[in-house]
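Read through the structure below, which is laid out as structure tokens, and then see the notes.
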Amino acid sequence: MDEASRNDWKLIYDQSVAYQQQMPQRVKDILKSFAGVSNGFPVDQLDHSLQMATRAKNEQADDEMILCCLLHDIGKAITTVNHDRIGAEILRQFISHERYLILYHHQIFQGRYYYSKIGKNPDEYLKFNEEPWFQDALLFSQWDQLSFDPDYPHLPLGSFEPLIDQFLGKYHFTWEE
Ligand SMILES: [Fe+2]
């Protein structure tokens with residue numbers, strides 16, 4: 001690597017930008033790959049994601065929040081363990097810091113609905129109650145936990161694809177001329 005010239009690095013930069021530009025499509029493909037992945041829940045991860053985004057949209061959430069709902073579980077494409085933080089880091093560059101923190105901690109907020117049933121502390125989320133994003137995190141987890149309803153009508157993935165393009169198309173790469 002330390003033997004690469006500036007021209008070599010320009011080539012790497014240009015091809016890395018081209019790869020980055022494909023990120024929105026990769027994210028759409030990940031969502032599509034969630035079809036049939038139910039992990040024991042009544043709906044699969046694709047329908048869960050679409051349902052949560054539809055709920056947010058129906059409650060007049062802003063576009064960034066709808067995007068976060070749509071992609072909040074994207075880390076599960078690789079692993080359920082730490083998926084909250086993985087998804088938050090994937091989206092970090094494209095969203096506000098408060099929304100990043102909501103994604104980062106969304107598992108703990110989900111815990112208020114079920115941690116008592118698996119021997120964990122359901123009140124763990126209360127350690128964040130002084131945070132400015134606390135109320136939004138509560139609302140977020142409410143939409144999340146409701147969105148396993150097989151009878152809830154959700155919008156198709158196609159209706160959210162412009163949102164993915166809009167937010168994830170704005171990457172930050174720099175090259176000093
Ligand atoms: Fe979820």
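Letters A, B, ... go to the chains of the structure tokens in the order shown; residues in each chain start at 1; ligands are counted from 1 in the same order.
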I want to know what sits within 9 Å of region 124-134 of chain A, based on only C-alpha atoms, with residues of the same chain fewer than 6 positions away left out; could you give that as an NGL selection string? :A and (98-99 or 101-102 or 105 or 108-112)
Since we have the selection now, will you write its residues out, keeping all heavy atoms, as a PDB file, in the first residue's frame?
```pdb
ATOM      1  N   GLU A  98     -29.022  12.550  16.324  1.00  0.00           N
ATOM      2  CA  GLU A  98     -30.103  12.052  17.201  1.00  0.00           C
ATOM      3  C   GLU A  98     -30.733  10.782  16.636  1.00  0.00           C
ATOM      4  O   GLU A  98     -31.012   9.830  17.373  1.00  0.00           O
ATOM      5  CB  GLU A  98     -31.168  13.124  17.395  1.00  0.00           C
ATOM      6  CG  GLU A  98     -30.690  14.255  18.300  1.00  0.00           C
ATOM      7  CD  GLU A  98     -31.822  15.063  18.863  1.00  0.00           C
ATOM      8  OE1 GLU A  98     -32.979  14.853  18.476  1.00  0.00           O
ATOM      9  OE2 GLU A  98     -31.527  15.920  19.725  1.00  0.00           O
ATOM     10  N   ARG A  99     -30.958  10.786  15.355  1.00  0.00           N
ATOM     11  CA  ARG A  99     -31.558   9.589  14.725  1.00  0.00           C
ATOM     12  C   ARG A  99     -30.570   8.408  14.774  1.00  0.00           C
ATOM     13  O   ARG A  99     -30.973   7.260  14.960  1.00  0.00           O
ATOM     14  CB  ARG A  99     -31.987   9.903  13.290  1.00  0.00           C
ATOM     15  CG  ARG A  99     -33.074  10.987  13.224  1.00  0.00           C
ATOM     16  CD  ARG A  99     -34.406  10.422  13.635  1.00  0.00           C
ATOM     17  NE  ARG A  99     -35.403  11.411  13.990  1.00  0.00           N
ATOM     18  CZ  ARG A  99     -36.103  12.194  13.149  1.00  0.00           C
ATOM     19  NH1 ARG A  99     -35.887  12.133  11.863  1.00  0.00           N
ATOM     20  NH2 ARG A  99     -37.028  13.010  13.600  1.00  0.00           N
ATOM     21  N   LEU A 101     -28.492   7.892  17.163  1.00  0.00           N
ATOM     22  CA  LEU A 101     -28.536   7.362  18.530  1.00  0.00           C
ATOM     23  C   LEU A 101     -29.803   6.529  18.765  1.00  0.00           C
ATOM     24  O   LEU A 101     -29.774   5.520  19.483  1.00  0.00           O
ATOM     25  CB  LEU A 101     -28.457   8.512  19.535  1.00  0.00           C
ATOM     26  CG  LEU A 101     -27.092   9.219  19.576  1.00  0.00           C
ATOM     27  CD1 LEU A 101     -27.170  10.489  20.426  1.00  0.00           C
ATOM     28  CD2 LEU A 101     -26.014   8.284  20.115  1.00  0.00           C
ATOM     29  N   ILE A 102     -30.892   6.940  18.164  1.00  0.00           N
ATOM     30  CA  ILE A 102     -32.140   6.161  18.288  1.00  0.00           C
ATOM     31  C   ILE A 102     -31.940   4.766  17.682  1.00  0.00           C
ATOM     32  O   ILE A 102     -32.333   3.756  18.283  1.00  0.00           O
ATOM     33  CB  ILE A 102     -33.309   6.902  17.612  1.00  0.00           C
ATOM     34  CG1 ILE A 102     -33.678   8.142  18.430  1.00  0.00           C
ATOM     35  CG2 ILE A 102     -34.521   5.987  17.457  1.00  0.00           C
ATOM     36  CD1 ILE A 102     -34.663   9.077  17.737  1.00  0.00           C
ATOM     37  N   HIS A 105     -29.504   2.538  19.835  1.00  0.00           N
ATOM     38  CA  HIS A 105     -30.029   2.002  21.096  1.00  0.00           C
ATOM     39  C   HIS A 105     -31.406   1.362  20.941  1.00  0.00           C
ATOM     40  O   HIS A 105     -32.063   1.070  21.945  1.00  0.00           O
ATOM     41  CB  HIS A 105     -30.110   3.128  22.138  1.00  0.00           C
ATOM     42  CG  HIS A 105     -28.776   3.700  22.504  1.00  0.00           C
ATOM     43  ND1 HIS A 105     -27.804   2.966  23.153  1.00  0.00           N
ATOM     44  CD2 HIS A 105     -28.241   4.929  22.300  1.00  0.00           C
ATOM     45  CE1 HIS A 105     -26.725   3.727  23.345  1.00  0.00           C
ATOM     46  NE2 HIS A 105     -26.957   4.912  22.834  1.00  0.00           N
ATOM     47  N   ILE A 108     -32.469  -1.758  23.097  1.00  0.00           N
ATOM     48  CA  ILE A 108     -32.749  -1.537  24.521  1.00  0.00           C
ATOM     49  C   ILE A 108     -34.164  -0.971  24.709  1.00  0.00           C
ATOM     50  O   ILE A 108     -34.880  -1.354  25.635  1.00  0.00           O
ATOM     51  CB  ILE A 108     -31.687  -0.590  25.127  1.00  0.00           C
ATOM     52  CG1 ILE A 108     -30.337  -1.312  25.213  1.00  0.00           C
ATOM     53  CG2 ILE A 108     -32.112  -0.092  26.507  1.00  0.00           C
ATOM     54  CD1 ILE A 108     -29.188  -0.424  25.656  1.00  0.00           C
ATOM     55  N   PHE A 109     -34.571  -0.095  23.787  1.00  0.00           N
ATOM     56  CA  PHE A 109     -35.931   0.454  23.880  1.00  0.00           C
ATOM     57  C   PHE A 109     -36.970  -0.615  23.541  1.00  0.00           C
ATOM     58  O   PHE A 109     -38.061  -0.635  24.122  1.00  0.00           O
ATOM     59  CB  PHE A 109     -36.081   1.679  22.970  1.00  0.00           C
ATOM     60  CG  PHE A 109     -35.530   2.934  23.582  1.00  0.00           C
ATOM     61  CD1 PHE A 109     -34.161   3.180  23.605  1.00  0.00           C
ATOM     62  CD2 PHE A 109     -36.368   3.858  24.185  1.00  0.00           C
ATOM     63  CE1 PHE A 109     -33.641   4.325  24.203  1.00  0.00           C
ATOM     64  CE2 PHE A 109     -35.870   5.016  24.781  1.00  0.00           C
ATOM     65  CZ  PHE A 109     -34.502   5.242  24.784  1.00  0.00           C
ATOM     66  N   GLN A 110     -36.651  -1.520  22.631  1.00  0.00           N
ATOM     67  CA  GLN A 110     -37.539  -2.649  22.364  1.00  0.00           C
ATOM     68  C   GLN A 110     -37.691  -3.508  23.607  1.00  0.00           C
ATOM     69  O   GLN A 110     -38.740  -4.106  23.836  1.00  0.00           O
ATOM     70  CB  GLN A 110     -36.970  -3.515  21.242  1.00  0.00           C
ATOM     71  CG  GLN A 110     -37.207  -3.011  19.861  1.00  0.00           C
ATOM     72  CD  GLN A 110     -38.684  -2.911  19.547  1.00  0.00           C
ATOM     73  OE1 GLN A 110     -39.293  -1.883  19.813  1.00  0.00           O
ATOM     74  NE2 GLN A 110     -39.256  -3.940  19.001  1.00  0.00           N
ATOM     75  N   GLY A 111     -36.630  -3.546  24.400  1.00  0.00           N
ATOM     76  CA  GLY A 111     -36.608  -4.392  25.586  1.00  0.00           C
ATOM     77  C   GLY A 111     -37.711  -4.080  26.577  1.00  0.00           C
ATOM     78  O   GLY A 111     -38.126  -4.950  27.344  1.00  0.00           O
ATOM     79  N   ARG A 112     -38.224  -2.855  26.549  1.00  0.00           N
ATOM     80  CA  ARG A 112     -39.291  -2.531  27.514  1.00  0.00           C
ATOM     81  C   ARG A 112     -40.539  -3.360  27.251  1.00  0.00           C
ATOM     82  O   ARG A 112     -41.384  -3.519  28.120  1.00  0.00           O
ATOM     83  CB  ARG A 112     -39.600  -1.034  27.496  1.00  0.00           C
ATOM     84  CG  ARG A 112     -40.227  -0.487  26.240  1.00  0.00           C
ATOM     85  CD  ARG A 112     -40.134   1.044  26.234  1.00  0.00           C
ATOM     86  NE  ARG A 112     -40.649   1.625  25.021  1.00  0.00           N
ATOM     87  CZ  ARG A 112     -41.747   2.378  24.939  1.00  0.00           C
ATOM     88  NH1 ARG A 112     -42.436   2.652  26.027  1.00  0.00           N
ATOM     89  NH2 ARG A 112     -42.149   2.883  23.796  1.00  0.00           N
TER      90      ARG A 112
END
```
As a ChimeraX atom specification, please: every residue in chain A that DSSP puts in alpha helix (DSSP H). /A:6-21,23-33,45-58,63-71,83-91,97-104,106-114,134-146,161-168
Residues within 12 Å of ligand 1, counting only C-alpha atoms and all ligand atoms, as a ChimeraX atom specification: /A:38-39,41,43-53,68-76,80,83-84,87,103,105-111,140-148
Writing out the chosen residues with N, CA and C atoms as a tab-separated table (two decimals), in the first residue's frame:
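To be explicit, this is the file written out as part-v1.tsv:
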```
chain	number	residue	atom	x	y	z
A	38	SER	N	-38.25	-14.84	8.79
A	38	SER	CA	-39.21	-14.44	9.84
A	38	SER	C	-38.66	-14.67	11.25
A	39	ASN	N	-37.67	-15.56	11.40
A	39	ASN	CA	-37.07	-15.81	12.72
A	39	ASN	C	-38.13	-16.07	13.80
A	41	PHE	N	-41.16	-14.84	14.02
A	41	PHE	CA	-42.18	-13.79	14.14
A	41	PHE	C	-43.30	-14.04	13.12
A	43	VAL	N	-44.52	-12.08	10.89
A	43	VAL	CA	-44.24	-11.51	9.56
A	43	VAL	C	-42.73	-11.59	9.31
A	44	ASP	N	-42.33	-11.57	8.04
A	44	ASP	CA	-40.88	-11.64	7.79
A	44	ASP	C	-40.24	-10.25	7.93
A	45	GLN	N	-38.93	-10.23	7.86
A	45	GLN	CA	-38.20	-8.98	8.12
A	45	GLN	C	-38.49	-7.91	7.08
A	46	LEU	N	-38.81	-8.33	5.86
A	46	LEU	CA	-39.15	-7.34	4.83
A	46	LEU	C	-40.48	-6.68	5.18
A	47	ASP	N	-41.49	-7.49	5.48
A	47	ASP	CA	-42.80	-6.92	5.82
A	47	ASP	C	-42.72	-6.11	7.11
A	48	HIS	N	-41.91	-6.59	8.06
A	48	HIS	CA	-41.74	-5.84	9.32
A	48	HIS	C	-41.17	-4.45	9.03
A	49	SER	N	-40.17	-4.39	8.18
A	49	SER	CA	-39.52	-3.11	7.85
A	49	SER	C	-40.49	-2.19	7.12
A	50	LEU	N	-41.20	-2.75	6.14
A	50	LEU	CA	-42.16	-1.95	5.37
A	50	LEU	C	-43.32	-1.49	6.25
A	51	GLN	N	-43.72	-2.37	7.16
A	51	GLN	CA	-44.84	-2.02	8.04
A	51	GLN	C	-44.45	-0.88	8.98
A	52	MET	N	-43.25	-0.95	9.51
A	52	MET	CA	-42.82	0.11	10.43
A	52	MET	C	-42.68	1.44	9.69
A	53	ALA	N	-42.12	1.39	8.50
A	53	ALA	CA	-41.98	2.63	7.71
A	53	ALA	C	-43.35	3.19	7.34
A	68	CYS	N	-35.26	5.71	8.61
A	68	CYS	CA	-34.70	4.97	9.75
A	68	CYS	C	-35.58	3.78	10.12
A	69	CYS	N	-36.89	3.96	10.04
A	69	CYS	CA	-37.79	2.84	10.31
A	69	CYS	C	-37.59	1.73	9.27
A	70	LEU	N	-37.52	2.12	8.03
A	70	LEU	CA	-37.36	1.15	6.94
A	70	LEU	C	-36.08	0.34	7.10
A	71	LEU	N	-35.01	0.99	7.58
A	71	LEU	CA	-33.69	0.35	7.57
A	71	LEU	C	-33.17	0.00	8.97
A	72	HIS	N	-34.02	0.12	9.98
A	72	HIS	CA	-33.52	-0.03	11.36
A	72	HIS	C	-32.93	-1.41	11.65
A	73	ASP	N	-33.41	-2.43	10.94
A	73	ASP	CA	-32.94	-3.79	11.22
A	73	ASP	C	-31.96	-4.30	10.16
A	74	ILE	N	-31.41	-3.38	9.38
A	74	ILE	CA	-30.60	-3.81	8.23
A	74	ILE	C	-29.37	-4.61	8.66
A	75	GLY	N	-28.91	-4.36	9.87
A	75	GLY	CA	-27.77	-5.12	10.39
A	75	GLY	C	-28.05	-6.61	10.48
A	76	LYS	N	-29.34	-6.96	10.54
A	76	LYS	CA	-29.71	-8.38	10.63
A	76	LYS	C	-29.37	-9.14	9.35
A	80	THR	N	-28.01	-10.93	14.08
A	80	THR	CA	-28.99	-10.34	15.00
A	80	THR	C	-28.26	-9.68	16.18
A	83	HIS	N	-27.15	-5.99	15.94
A	83	HIS	CA	-27.70	-5.46	14.68
A	83	HIS	C	-28.11	-4.00	14.82
A	84	ASP	N	-28.50	-3.60	16.05
A	84	ASP	CA	-28.90	-2.21	16.25
A	84	ASP	C	-27.75	-1.25	15.94
A	87	GLY	N	-26.59	-1.37	12.10
A	87	GLY	CA	-27.46	-0.56	11.25
A	87	GLY	C	-27.22	0.93	11.46
A	103	LEU	N	-31.31	4.72	16.51
A	103	LEU	CA	-31.04	3.42	15.89
A	103	LEU	C	-30.06	2.60	16.74
A	105	HIS	N	-29.50	2.54	19.83
A	105	HIS	CA	-30.03	2.00	21.10
A	105	HIS	C	-31.41	1.36	20.94
A	106	HIS	N	-31.85	1.12	19.72
A	106	HIS	CA	-33.26	0.72	19.57
A	106	HIS	C	-33.56	-0.64	20.20
A	107	GLN	N	-32.56	-1.49	20.30
A	107	GLN	CA	-32.81	-2.79	20.93
A	107	GLN	C	-33.17	-2.65	22.41
A	108	ILE	N	-32.47	-1.76	23.10
A	108	ILE	CA	-32.75	-1.54	24.52
A	108	ILE	C	-34.16	-0.97	24.71
A	109	PHE	N	-34.57	-0.09	23.79
A	109	PHE	CA	-35.93	0.45	23.88
A	109	PHE	C	-36.97	-0.62	23.54
A	110	GLN	N	-36.65	-1.52	22.63
A	110	GLN	CA	-37.54	-2.65	22.36
A	110	GLN	C	-37.69	-3.51	23.61
A	111	GLY	N	-36.63	-3.55	24.40
A	111	GLY	CA	-36.61	-4.39	25.59
A	111	GLY	C	-37.71	-4.08	26.58
A	140	PHE	N	-40.39	5.43	18.36
A	140	PHE	CA	-39.74	4.52	17.42
A	140	PHE	C	-39.96	3.07	17.84
A	141	SER	N	-39.74	2.80	19.12
A	141	SER	CA	-39.87	1.41	19.58
A	141	SER	C	-41.33	0.97	19.62
A	142	GLN	N	-42.23	1.95	19.80
A	142	GLN	CA	-43.65	1.60	19.75
A	142	GLN	C	-44.03	1.15	18.33
A	143	TRP	N	-43.61	1.90	17.35
A	143	TRP	CA	-43.87	1.49	15.95
A	143	TRP	C	-43.21	0.14	15.66
A	144	ASP	N	-42.00	-0.03	16.17
A	144	ASP	CA	-41.25	-1.26	15.92
A	144	ASP	C	-42.00	-2.47	16.47
A	145	GLN	N	-42.40	-2.38	17.73
A	145	GLN	CA	-43.01	-3.56	18.36
A	145	GLN	C	-44.39	-3.87	17.81
A	146	LEU	N	-45.08	-2.84	17.28
A	146	LEU	CA	-46.41	-3.07	16.68
A	146	LEU	C	-46.31	-3.70	15.29
A	147	SER	N	-45.15	-3.59	14.67
A	147	SER	CA	-45.04	-3.90	13.24
A	147	SER	C	-44.73	-5.36	12.92
A	148	PHE	N	-45.38	-6.22	13.68
A	148	PHE	CA	-45.34	-7.65	13.36
A	148	PHE	C	-46.75	-8.15	13.09
```
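The neighbours of Ala77 (chain A) here are the residues that come within 8 Å of it, using only C-alpha atoms and leaving out any residue fewer than 4 positions away in the same chain; they are Ile30, Ser33 and Phe34 of chain A.
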Convert the current residue selection to file output with N, CA and C atoms, as a compact mmCIF listing (two decimals), in the first residue's frame.
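The result, stored in part00.txt:
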```txt
# COMPACT_ATOMS: atom_id res chain seq x y z
N ILE A 30 -30.68 -5.85 0.08
CA ILE A 30 -30.71 -6.43 1.43
C ILE A 30 -32.16 -6.52 1.92
N SER A 33 -33.81 -9.29 0.35
CA SER A 33 -33.33 -10.58 0.86
C SER A 33 -34.00 -10.96 2.19
N PHE A 34 -34.66 -9.96 2.83
CA PHE A 34 -35.35 -10.22 4.10
C PHE A 34 -36.69 -10.94 3.88
```
Please compute the CA of Tyr171 (chain A)-CA of Ile90 (chain A) distance, one decimal, in Å. 11.4 Å
Best match for closeness to Asn7 (chain A) among A:Glu177, A:Leu31, A:Gln21, A:Glu161, counting only C-alpha atoms: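 Checking each candidate against Asn7 (chain A), we get A:Glu177 as the closest.
Residue nearest Lys170 (chain A) within the list A:Leu91, A:Ile12, A:Ala4, A:Leu157: A:Leu91 [criterion: smallest interatomic distance, only C-alpha atoms].
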